[in-house]
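Asks: Next up, work_35.txt (compact mmCIF, C-alpha atoms).
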# COMPACT_ATOMS: atom_id res chain seq x y z
CA MET A 154 11.47 -8.48 32.01
CA THR A 155 11.68 -8.46 28.19
CA SER A 156 12.50 -5.44 26.06
CA THR A 157 11.53 -5.63 22.36
CA LEU A 158 13.10 -2.94 20.18
CA SER A 159 11.70 -3.95 16.78
CA ARG A 160 8.80 -6.04 15.42
CA LYS A 161 10.46 -6.69 12.06
CA SER A 162 13.32 -8.72 13.29
CA ALA A 163 14.30 -12.21 12.49
CA ARG A 164 17.16 -12.58 14.99
CA ILE A 165 17.43 -12.41 18.77
CA LEU A 166 20.60 -11.32 20.44
CA LEU A 167 21.05 -12.91 23.84
CA LEU A 168 23.48 -11.25 26.25
CA ALA A 169 26.19 -13.25 27.83
CA THR A 170 24.41 -13.66 31.10
CA ILE A 171 21.44 -15.42 29.50
CA ALA A 172 23.75 -18.27 28.73
CA ALA A 173 25.25 -17.87 32.15
CA SER A 174 21.90 -18.19 33.88
CA ILE A 175 20.98 -21.19 31.76
CA PHE A 176 24.17 -23.03 32.65
CA GLY A 177 24.13 -22.13 36.32
CA SER A 178 26.73 -19.35 36.38
CA SER A 179 26.39 -16.23 38.51
CA VAL A 180 28.47 -14.11 36.08
CA THR A 181 26.69 -10.86 35.04
CA ALA A 182 26.84 -8.92 31.76
CA SER A 183 29.35 -6.50 33.25
CA SER A 184 31.59 -9.31 34.43
CA PRO A 185 34.68 -10.16 32.40
CA PRO A 186 34.69 -13.69 31.04
CA ALA A 187 36.33 -16.27 33.24
CA ALA A 188 39.76 -17.45 32.19
CA ALA A 189 38.40 -20.95 31.92
CA ALA A 190 36.00 -19.74 29.22
CA ALA A 191 38.88 -18.62 27.03
CA ALA A 192 40.76 -21.90 27.29
CA ALA A 193 38.99 -25.16 27.87
CA SER A 194 40.61 -27.74 30.13
CA PRO A 195 42.71 -30.49 28.55
CA ALA A 196 40.04 -33.02 29.51
CA ALA A 197 37.38 -31.00 27.72
CA GLU A 198 39.59 -30.60 24.66
CA ALA A 199 40.10 -34.32 24.55
CA GLU A 200 36.38 -35.07 24.56
CA LEU A 201 35.04 -34.85 21.02
CA ILE A 202 31.65 -35.40 19.40
CA CYS A 203 31.73 -37.31 16.11
CA HIS A 204 28.62 -38.15 14.09
CA THR A 205 30.51 -39.59 11.09
CA ASP A 206 33.71 -41.53 10.44
CA ASN A 207 35.37 -38.38 9.10
CA PRO A 208 37.64 -36.90 11.84
CA ALA A 209 37.41 -33.47 10.19
CA GLU A 210 33.70 -33.33 11.09
CA CYS A 211 34.30 -33.86 14.81
CA TYR A 212 34.04 -30.98 17.26
CA PRO A 213 34.69 -30.55 21.01
CA LYS A 214 31.91 -31.35 23.43
CA VAL A 215 32.56 -28.06 25.24
CA PHE A 216 32.40 -25.06 22.90
CA SER A 217 35.76 -23.26 22.49
CA PRO A 218 35.03 -19.54 22.09
CA THR A 219 37.14 -16.98 20.24
CA GLU A 220 36.72 -13.24 19.62
CA GLU A 221 34.66 -13.99 16.49
CA PHE A 222 31.22 -15.59 16.30
CA GLN A 223 31.24 -19.33 15.63
CA ILE A 224 28.39 -21.77 15.10
CA VAL A 225 27.31 -23.65 18.23
CA HIS A 226 26.14 -27.23 17.63
CA ASP A 227 22.99 -28.36 19.38
CA ASP A 228 24.78 -30.98 21.44
CA GLN A 229 27.67 -28.74 22.53
CA ASP A 230 28.01 -27.41 26.07
CA LEU A 231 28.48 -23.65 26.44
CA PRO A 232 30.84 -22.32 29.11
CA PRO A 233 29.60 -19.26 31.02
CA GLY A 234 30.38 -15.65 30.12
CA LEU A 235 29.73 -15.74 26.33
CA HIS A 236 28.05 -13.44 23.85
CA VAL A 237 25.38 -15.65 22.21
CA GLN A 238 23.17 -15.00 19.18
CA LEU A 239 20.14 -17.08 18.21
CA ASP A 240 18.54 -16.97 14.76
CA VAL A 241 14.85 -17.59 15.49
CA GLN A 242 14.13 -18.52 11.86
CA THR A 243 16.68 -21.32 11.62
CA GLY A 244 17.27 -22.03 15.30
CA GLN A 245 21.04 -21.73 14.73
CA LYS A 246 23.16 -20.37 17.57
CA GLN A 247 26.47 -18.51 17.35
CA ALA A 248 28.74 -17.50 20.23
CA LYS A 249 32.00 -15.65 20.94
CA LEU A 250 33.92 -14.28 23.94
CA TYR A 251 32.02 -11.60 25.80
CA ASN A 252 33.40 -8.08 25.33
CA PRO A 253 32.06 -5.44 27.79
CA GLU A 254 33.05 -2.65 25.40
CA GLU A 255 30.50 -3.95 22.91
CA ASP A 256 27.56 -3.41 25.31
CA ASN A 257 24.47 -2.23 23.48
CA PRO A 258 23.43 1.15 24.96
CA ALA A 259 19.78 0.27 24.25
CA LEU A 260 19.96 -2.23 27.11
CA ALA A 261 21.30 0.21 29.69
CA GLY A 262 19.44 -0.01 33.00
CA LEU A 263 17.70 -3.32 32.25
CA PRO A 264 18.10 -6.41 34.48
CA VAL A 265 20.83 -8.23 32.60
CA GLU A 266 19.95 -11.73 33.69
CA HIS A 267 16.81 -11.67 31.50
CA ASP A 268 17.57 -9.14 28.77
CA VAL A 269 16.51 -9.89 25.21
CA ILE A 270 16.90 -7.53 22.28
CA VAL A 271 15.37 -8.07 18.85
CA VAL A 272 17.76 -7.10 16.07
CA ASP A 273 16.69 -6.21 12.52
CA GLN A 274 17.96 -8.56 9.87
CA GLU A 275 19.89 -6.73 7.20
CA GLY A 276 18.00 -6.19 3.98
CA GLN A 277 14.69 -7.49 5.35
CA GLN A 278 11.64 -6.06 3.58
CA ASP A 279 8.17 -5.57 5.04
CA VAL A 280 6.54 -6.85 1.84
CA PRO A 281 8.19 -9.57 -0.26
CA LYS A 282 8.96 -8.63 -3.84
CA ILE A 283 6.84 -10.47 -6.40
CA PRO A 284 8.82 -11.43 -9.52
CA ALA A 285 7.66 -9.89 -12.78
CA GLY A 286 5.28 -12.15 -14.66
CA ALA A 287 4.43 -14.27 -11.60
CA PRO A 288 0.93 -15.82 -11.72
CA ALA A 289 -1.81 -14.23 -9.61
CA TYR A 290 -2.29 -15.64 -6.13
CA GLU A 291 -5.05 -18.23 -5.97
CA PRO A 292 -6.29 -18.82 -2.39
CA VAL A 293 -7.88 -22.15 -3.35
CA GLY A 294 -4.81 -23.48 -5.13
CA LEU A 295 -4.71 -26.22 -7.71
CA VAL A 296 -7.66 -28.59 -7.75
CA LYS A 297 -6.01 -31.99 -7.91
CA ALA A 298 -7.52 -34.95 -9.69
CA PRO A 299 -8.44 -37.95 -7.53
CA GLN A 300 -6.00 -40.86 -7.53
CA GLU A 301 -8.63 -43.04 -9.17
CA LYS A 302 -10.89 -41.22 -11.64
CA ASN A 303 -14.46 -42.35 -12.15
CA GLY A 304 -14.59 -44.17 -15.48
CA GLU A 305 -18.30 -43.46 -16.03
CA PHE A 306 -18.03 -39.68 -15.64
CA ALA A 307 -16.79 -38.79 -19.14
CA GLN A 308 -19.37 -40.98 -20.86
CA ALA A 309 -22.16 -39.57 -18.69
CA ILE A 310 -21.19 -35.99 -19.63
CA GLU A 311 -21.33 -36.91 -23.33
CA THR A 312 -24.79 -38.42 -22.87
CA ILE A 313 -26.04 -35.25 -21.18
CA LYS A 314 -24.81 -33.17 -24.10
CA LYS A 315 -26.49 -35.38 -26.72
CA VAL A 316 -29.81 -36.47 -25.18
CA SER A 317 -32.36 -33.73 -24.54
CA ALA A 318 -35.62 -35.63 -24.02
CA PRO A 319 -36.75 -35.79 -20.36
CA GLY A 320 -37.44 -39.28 -19.09
CA GLU A 321 -34.90 -41.04 -21.31
CA SER A 322 -33.37 -43.82 -19.22
CA ALA A 323 -29.85 -43.20 -20.56
CA LEU A 324 -30.13 -39.51 -19.71
CA ASP A 325 -31.45 -40.17 -16.22
CA GLU A 326 -28.64 -42.63 -15.52
CA ALA A 327 -26.07 -40.11 -16.75
CA LEU A 328 -27.52 -37.37 -14.56
CA GLN A 329 -27.40 -39.69 -11.56
CA VAL A 330 -23.73 -40.50 -12.18
CA VAL A 331 -22.74 -36.86 -12.65
CA GLY A 332 -24.96 -35.74 -9.77
CA GLU A 333 -23.20 -38.03 -7.31
CA LEU A 334 -19.82 -36.62 -8.38
CA SER A 335 -20.75 -32.95 -8.79
CA TYR A 336 -20.26 -32.28 -5.05
CA ASP A 337 -16.57 -33.14 -5.44
CA MET A 338 -14.41 -30.08 -6.14
CA TYR A 339 -12.53 -31.75 -9.00
CA TYR A 340 -15.60 -33.04 -10.81
CA GLY A 341 -17.49 -29.81 -10.16
CA LEU A 342 -14.69 -27.99 -11.97
CA GLN A 343 -14.73 -30.50 -14.82
CA ILE A 344 -18.46 -29.94 -15.32
CA SER A 345 -18.15 -26.15 -15.17
CA GLU A 346 -15.30 -26.03 -17.68
CA ASP A 347 -17.35 -27.95 -20.27
CA VAL A 348 -19.41 -25.18 -21.89
CA GLU A 349 -21.63 -27.55 -23.88
CA ALA A 350 -22.38 -29.60 -20.76
CA VAL A 351 -23.37 -26.49 -18.79
CA GLN A 352 -25.60 -25.30 -21.63
CA ALA A 353 -27.26 -28.72 -21.82
CA LEU A 354 -27.85 -28.75 -18.06
CA PHE A 355 -29.56 -25.35 -18.19
CA CYS A 356 -31.79 -26.51 -21.04
CA LEU A 357 -32.72 -29.67 -19.13
CA MET A 358 -33.45 -27.64 -15.99
CA PHE A 359 -35.77 -25.33 -17.93
CA GLY A 360 -37.54 -28.25 -19.59
CA ASP A 361 -40.87 -29.67 -18.43
CA ASP A 362 -40.88 -33.17 -16.98
CA ASP A 363 -44.48 -34.34 -16.75
CA THR A 364 -43.61 -37.91 -15.88
CA GLU A 365 -45.27 -39.38 -12.80
CA ARG A 366 -42.09 -39.67 -10.75
CA PRO A 367 -40.94 -38.27 -7.41
CA LEU A 368 -39.58 -34.74 -7.77
CA THR A 369 -35.98 -35.74 -7.06
CA GLU A 370 -36.06 -38.33 -9.88
CA ARG A 371 -37.28 -35.93 -12.56
CA THR A 372 -34.90 -34.75 -15.27
CA ASN A 373 -35.22 -31.03 -14.55
CA PHE A 374 -34.57 -31.55 -10.83
CA MET A 375 -31.48 -33.70 -11.45
CA ALA A 376 -30.10 -31.13 -13.92
CA PHE A 377 -30.63 -28.35 -11.36
CA ASP A 378 -28.94 -30.45 -8.68
CA VAL A 379 -25.84 -30.94 -10.85
CA LEU A 380 -25.54 -27.24 -11.70
CA SER A 381 -25.97 -25.94 -8.17
CA SER A 382 -23.76 -28.61 -6.61
CA ALA A 383 -20.94 -28.05 -9.11
CA VAL A 384 -20.43 -24.40 -8.12
CA ARG A 385 -21.46 -24.50 -4.45
CA ASN A 386 -18.40 -23.73 -2.29
CA ASN A 387 -16.26 -24.28 -5.40
CA ALA A 388 -14.63 -20.99 -6.42
CA PRO A 389 -12.65 -22.43 -9.37
CA ALA A 390 -15.84 -23.93 -10.82
CA LEU A 391 -17.73 -20.64 -10.46
CA SER A 392 -14.83 -18.80 -12.10
CA ALA A 393 -14.93 -21.25 -15.01
CA ILE A 394 -18.62 -20.54 -15.61
CA GLU A 395 -18.00 -16.80 -15.27
CA ARG A 396 -15.29 -16.91 -17.95
CA SER A 397 -17.66 -18.66 -20.38
CA TRP A 398 -20.85 -16.92 -19.27
CA ASP A 399 -21.34 -14.91 -22.47
CA THR A 400 -21.32 -18.12 -24.51
CA ILE A 401 -23.34 -20.13 -21.99
CA SER A 402 -26.03 -17.48 -21.51
CA ALA A 403 -26.45 -16.94 -25.27
CA LYS A 404 -27.50 -20.56 -25.79
CA LYS A 405 -31.07 -20.94 -27.06
CA CYS A 406 -32.58 -24.22 -25.99
CA GLU A 407 -34.94 -26.22 -28.19
CA ALA A 408 -38.64 -25.57 -27.50
CA LEU A 409 -37.79 -22.35 -25.61
CA SER A 410 -38.27 -18.88 -27.02
CA HIS A 411 -35.47 -17.14 -25.12
CA PRO A 412 -31.71 -17.68 -24.58
CA VAL A 413 -30.51 -19.08 -21.26
CA LYS A 414 -29.88 -15.66 -19.65
CA GLN A 415 -33.36 -14.35 -20.40
CA GLU A 416 -34.99 -17.61 -19.35
CA LEU A 417 -33.03 -17.56 -16.11
CA PHE A 418 -34.15 -14.07 -15.13
CA ARG A 419 -37.66 -14.29 -16.62
CA ARG A 420 -38.51 -17.36 -14.57
CA LEU A 421 -38.13 -15.41 -11.33
CA THR A 422 -41.46 -13.65 -11.87
CA PRO A 423 -44.50 -15.59 -10.59
CA VAL A 424 -47.37 -15.52 -13.08
CA SER A 425 -49.77 -18.17 -11.73
CA ALA A 426 -52.94 -17.15 -9.93
CA PRO A 427 -52.92 -17.83 -6.18
CA GLY A 428 -54.66 -21.00 -5.11
CA THR A 429 -54.61 -22.64 -8.55
CA PRO A 430 -53.03 -26.01 -9.46
CA GLU A 431 -50.62 -24.12 -11.70
CA GLU A 432 -49.28 -22.22 -8.71
CA SER A 433 -47.86 -25.34 -7.06
CA GLY A 434 -46.11 -26.46 -10.25
CA GLU A 435 -44.72 -22.98 -10.85
CA ALA A 436 -43.39 -22.77 -7.29
CA ASN A 437 -41.67 -26.16 -7.61
CA ASN A 438 -39.99 -25.29 -10.91
CA MET A 439 -39.09 -21.78 -9.79
CA ARG A 440 -37.13 -23.00 -6.80
CA PHE A 441 -34.65 -24.67 -9.16
CA THR A 442 -34.00 -21.32 -10.81
CA VAL A 443 -33.78 -19.46 -7.50
CA LYS A 444 -31.21 -21.82 -5.98
CA VAL A 445 -29.02 -21.87 -9.09
CA ILE A 446 -29.10 -18.07 -9.30
CA GLY A 447 -28.22 -17.91 -5.62
CA GLU A 448 -24.97 -19.75 -6.35
CA LEU A 449 -24.21 -17.82 -9.55
CA LEU A 450 -24.69 -14.41 -7.92
CA ARG A 451 -21.37 -14.86 -6.14
CA SER A 452 -19.82 -14.10 -9.53
CA PRO A 453 -19.33 -10.31 -9.96
CA LYS A 454 -20.07 -10.55 -13.70
CA ILE A 455 -23.29 -12.51 -13.33
CA ARG A 456 -24.36 -10.40 -10.35
CA ALA A 457 -24.00 -7.21 -12.41
CA GLU A 458 -26.10 -8.69 -15.23
CA PHE A 459 -28.72 -9.81 -12.73
CA LEU A 460 -29.09 -6.26 -11.39
CA GLU A 461 -29.13 -4.75 -14.88
CA ASN A 462 -31.97 -7.10 -15.85
CA ASP A 463 -34.06 -6.18 -12.77
CA GLY A 464 -33.65 -9.59 -11.20
CA MET A 465 -34.35 -8.09 -7.77
CA ARG A 466 -37.85 -7.20 -8.94
CA GLY A 467 -38.57 -10.92 -9.35
CA PHE A 468 -37.12 -11.67 -5.90
CA LEU A 469 -39.45 -9.10 -4.30
CA GLN A 470 -42.47 -10.55 -6.08
CA ILE A 471 -41.61 -13.99 -4.68
CA LEU A 472 -41.37 -12.53 -1.17
CA ARG A 473 -44.83 -10.99 -1.58
CA ARG A 474 -46.47 -14.34 -2.43
CA GLU A 475 -48.43 -16.08 0.31
CA GLY A 476 -49.21 -19.72 0.95
CA ASP A 477 -47.40 -22.85 2.00
CA VAL A 478 -46.08 -23.57 -1.49
CA TRP A 479 -43.97 -20.39 -1.33
CA ASP A 480 -42.70 -20.51 2.26
CA ALA A 481 -39.46 -22.39 1.61
CA MET A 482 -38.64 -20.30 -1.46
CA ARG A 483 -39.32 -17.02 0.33
CA THR A 484 -36.85 -18.08 3.03
CA THR A 485 -34.30 -18.97 0.34
CA VAL A 486 -34.72 -15.62 -1.44
CA SER A 487 -34.34 -13.64 1.80
CA ARG A 488 -31.14 -15.53 2.59
CA ILE A 489 -29.72 -14.91 -0.90
CA VAL A 490 -30.49 -11.17 -0.72
CA SER A 491 -28.85 -10.78 2.69
CA ASP A 492 -25.85 -13.01 1.92
CA ILE A 493 -25.06 -11.45 -1.47
CA PHE A 494 -25.98 -7.77 -1.03
CA LEU A 495 -26.60 -6.74 2.57
CA ASP A 496 -24.88 -8.67 5.37
CA GLU A 497 -21.14 -8.00 5.40
CA ASP A 498 -20.66 -10.55 8.19
CA LEU A 499 -21.75 -13.25 5.75
CA GLY A 500 -19.50 -12.03 2.94
CA ALA A 501 -21.94 -9.71 1.15
CA THR A 502 -20.61 -7.04 -1.20
CA THR A 503 -22.44 -3.99 0.11
CA GLY A 504 -23.05 -0.75 -1.77
CA LEU A 505 -24.20 -2.50 -4.96
CA TRP A 506 -27.86 -2.74 -4.02
CA PRO A 507 -30.37 -1.24 -3.29
CA ARG A 508 -29.69 1.45 -5.87
CA LYS A 509 -32.44 3.79 -4.68
CA LYS A 510 -33.47 5.20 -1.31
CA GLN A 511 -36.36 3.41 0.34
CA GLN A 512 -39.85 4.87 0.25
CA THR A 513 -42.45 3.89 2.82
CA SER A 514 -45.39 5.99 1.75
CA ALA A 515 -48.31 4.47 -0.17
CA ASP A 516 -48.09 7.55 -2.38
CA ASP A 517 -44.72 6.33 -3.65
CA CYS A 518 -45.18 2.54 -3.51
CA THR A 519 -48.23 0.41 -4.21
CA GLU A 520 -48.95 -3.31 -4.11
CA GLN A 521 -47.69 -3.54 -7.68
CA SER A 522 -44.52 -1.47 -7.18
CA PHE A 523 -41.50 -3.75 -7.09
CA GLY A 524 -38.60 -1.37 -7.73
CA ASP A 525 -35.55 -1.09 -5.48
CA GLU A 526 -37.09 1.85 -3.62
CA CYS A 527 -40.14 -0.17 -2.53
CA TRP A 528 -38.45 -3.08 -0.76
CA GLY A 529 -38.77 -1.33 2.61
CA TYR A 530 -42.46 -0.67 1.98
CA HIS A 531 -43.26 -4.30 1.19
CA LEU A 532 -41.03 -5.76 3.90
CA GLY A 533 -42.67 -3.45 6.41
CA LYS A 534 -46.07 -4.86 5.52
CA ILE A 535 -44.79 -8.44 5.58
CA SER A 536 -43.15 -8.02 8.99
CA GLN A 537 -46.35 -6.54 10.45
CA SER A 538 -48.67 -9.26 9.16
CA ALA A 539 -50.31 -11.77 11.49
CA LYS A 540 -48.10 -14.61 10.26
CA ALA A 541 -44.91 -12.61 9.78
CA PRO A 542 -42.04 -14.96 8.85
CA GLU A 543 -38.89 -14.88 10.97
CA TRP A 544 -36.73 -13.53 8.15
CA SER A 545 -38.88 -10.47 7.42
CA GLN A 546 -37.80 -8.20 10.29
CA GLN A 547 -34.13 -9.07 9.93
CA LEU A 548 -34.19 -8.38 6.19
CA LEU A 549 -36.03 -5.10 6.79
CA SER A 550 -33.36 -4.04 9.30
CA LEU A 551 -30.62 -4.78 6.78
CA ILE A 552 -32.44 -2.77 4.12
CA GLU A 553 -32.82 0.15 6.52
CA GLY A 554 -29.09 0.16 7.21
CA ALA A 555 -28.00 -0.44 3.62
CA ARG A 556 -25.73 2.01 1.82
CA VAL A 557 -27.19 3.45 -1.38
CA VAL A 558 -24.89 4.83 -4.07
CA ASP A 559 -26.32 8.06 -5.45
CA SER A 560 -26.49 7.71 -9.24
CA GLU A 561 -25.30 11.30 -9.79
CA SER A 562 -22.63 11.83 -7.15
CA GLY A 563 -21.51 8.23 -6.75
CA ILE A 564 -21.35 8.82 -2.98
CA PRO A 565 -22.75 6.06 -0.72
CA GLU A 566 -25.65 7.21 1.45
CA HIS A 567 -27.70 5.39 4.10
CA ASN A 568 -31.40 4.70 3.81
CA GLU A 569 -33.53 6.76 6.13
CA LEU A 570 -36.91 5.11 6.60
Render the structure in this file as structure tokens.
Replies:
Amino acid sequence: MTSTLSRKSARILLLATIAASIFGSSVTASSPPAAAAAAASPAAEAELICHTDNPAECYPKVFSPTEEFQIVHDDQDLPPGLHVQLDVQTGQKQAKLYNPEEDNPALAGLPVEHDVIVVDQEGQQDVPKIPAGAPAYEPVGLVKAPQEKNGEFAQAIETIKKVSAPGESALDEALQVVGELSYDMYYGLQISEDVEAVQALFCLMFGDDDTERPLTERTNFMAFDVLSSAVRNNAPALSAIERSWDTISAKKCEALSHPVKQELFRRLTPVSAPGTPEESGEANNMRFTVKVIGELLRSPKIRAEFLENDGMRGFLQILRREGDVWDAMRTTVSRIVSDIFLDEDLGATTGLWPRKKQQTSADDCTEQSFGDECWGYHLGKISQSAKAPEWSQQLLSLIEGARVVDSESGIPEHNEL
């Protein structure tokens, strides 16, 4: 039987009979120590343990107890009938002669051959004190450089910053080099900390590549791949982009009429007519934007800007599109919405969105209503269609259970559909 008197402790006090039971003695806690325990035999005194040539560091093989606690070496034998303490943090043992008058009343009535009491360590604090000026805790820790750095990386980054024409062989080679390294945490951070490189990658991703090449070999695809890979599962890299986001997003690319931030959010709105050749090209280019935004939305700063710029309206319009060219992107958008805003089990920050209660009536929502309040209406129609995708019902359920923060009271409320 074990009795634990405190959960804060760092030391365990073992009664004399614990040692007695370990070493085969039948002496109990109420028994006075045997005379032999107070004075070791001459043979025992003569037997010493020496680990060095210095005689002063030798000690008897059989521990010689006194009325004060002394350190017990690991290779010493303990005579029965002692009061033993064990520090569970260091593993160090101390022992002295057992004194019945020092019995702890907290142990009264317990079977002494197995008693254990946990004793508070003096001065122990529940929460460690953090020194003034100490740096903030970083769960990821320092991102260490590889033992052998890639010699082509720095030159490739410079090429990306200088060459802006899609299809240039030097640019494509540089994107391939950086793309292969962007999955690495160290190189992903190096890319993200270079503001000019990030701006150049956004401009290349937004650019048109009309060359007759496979999609994965086109300049805009390779630029997208570098950006998304650099911040995926790389918190320090995402933090680096967040810190420089105002500068990055204000960049105006050549041949584009809007800065990066506006281009990023504007490109979420499908404009092509269904069934046209333009629709396929738009869907291919839009998936670059969607996947990059999906990674960036894990940043609180960028997420807030996305909501302020009605980015969710574009997401809903993508979900409402039909046809094979949109299937993969619709699945991606549904996953982003649930992972970022709705599903706490997947790390979502709930209570940020939706910002309005859901409406299901056609009087409140139409086919062209894409505000926060009409997500339930559209998802309901999608989930009831003949070819309802698997994600539709799950996303609708999450919307129905989402907390909505009332704009006036600031109190979270649940949707009632």
Asks: I'd like the interatomic distance between CA of Met465 (chain A) and CA of Ala408 (chain A), to a tenth of an Å.
Replies: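 It comes out at 26.7 Å.
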Asks: Report, in Å with one decimal, the straight-line distance from CA of Lys444 (chain A) to CA of Arg508 (chain A).
Replies: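 Result for CA of Lys444 (chain A) versus CA of Arg508 (chain A): 23.3 Å, one decimal.
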Asks: Do you know which residues are at most 12 Å from Asp477 (chain A) counting only C-alpha atoms, after dropping those on the same chain fewer than 6 positions away, and could you put them as a PyMOL selection string?
Replies: chain A and resi 427-428+432-433+436-437+483-484+540+542
Asks: Would you mind telling me which residue in A:Ala426, A:Leu380, A:Ala457, A:Cys406 lies nearest to Phe494 (chain A) when using all atoms listed in the file?
Replies: A:Ala457
Asks: So which residues fall inside 6 Å of (-38.7, -14.0, -9.5) if we count only C-alpha atoms? Mind giving them as an MDAnalysis selection string?
Replies: chainID A and resid 421:422 467:468 471
Asks: CA of Asn303 (chain A) to CA of Asp337 (chain A): how many Å, to one decimal?
Replies: 11.6 Å
Asks: Any idea what's packed within 9 Å of Phe359 (chain A), counting all atoms listed in the file, ignoring anything in its chain fewer than 4 positions away? Could you give it as a PyMOL selection string?
Replies: chain A and resi 354-355+373+377+406+409+413+416-417+438+441-442
Asks: Which is closer to Pro319 (chain A) than all the others in A:Thr372, A:Ser335, A:Thr219, A:Asn462, using only C-alpha atoms?
Replies: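 Of A:Thr372, A:Ser335, A:Thr219, A:Asn462, the one nearest Pro319 (chain A) is A:Thr372, counting only C-alpha atoms.
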Asks: In terms of the shortest atom-to-atom distance over only C-alpha atoms, which of A:Lys315, A:Ala376, A:Arg440, A:His226 is closest to Glu210 (chain A)?
Replies: A:His226
Asks: Given 6 Å of margin on each side, can you work out the centre and size in Å (one decimal) of an axis-aligned box holding every listed atom of region 426-431 of chain A, as lines of an AutoDock Vina configuration file?
Replies:
center_x = -52.6
center_y = -21.6
center_z = -8.4
size_x = 16.0
size_y = 20.9
size_z = 18.6
Asks: What would the list of residues within 8 Å of (35.3, -14.1, 18.2) (file frame) look like as a list in words, if all atoms listed in the file are what count?
Replies: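 Every residue inside that radius is included here: Pro218, Thr219, Glu220, Glu221, Phe222, Gln223, Ala248, Lys249 and Leu250 of chain A.
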Asks: Please identify all polymer residues within 8 Å of Val331 (chain A), counting only C-alpha atoms, omitting same-chain residues fewer than 4 positions from it, and present them as a ChimeraX atom specification.
Replies: /A:306,309-310,327,335,379
Asks: Rank A:Leu231, A:Leu342, A:Val443, A:Leu295 by their smallest atom-to-atom distance to Pro213 (chain A), using all atoms listed in the file, and report the top residue only.
Replies: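 That would be A:Leu231, the residue with the smallest distance to Pro213 (chain A).
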Asks: What lies within 12 Å of Glu497 (chain A) using all atoms listed in the file, ignoring chain neighbours under 6 positions off, as a list in words?
Replies: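 The residues that qualify are Val490, Ser491, Thr503, Gly504, Leu551, Gly554, Ala555 and Arg556 of chain A.
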Asks: Which of these residues is nearest to Ser317 (chain A), using all atoms listed in the file: A:Cys356, A:Ala481, A:Ile455, A:Val296?
Replies: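 Nearest to Ser317 (chain A): A:Cys356.
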Asks: Smallest atom-to-atom distance to Thr502 (chain A): which of A:Ser452, A:Leu201, A:Gly332, A:Ser425, using only C-alpha atoms?
Replies: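 The closest residue to Thr502 (chain A) is A:Ser452.
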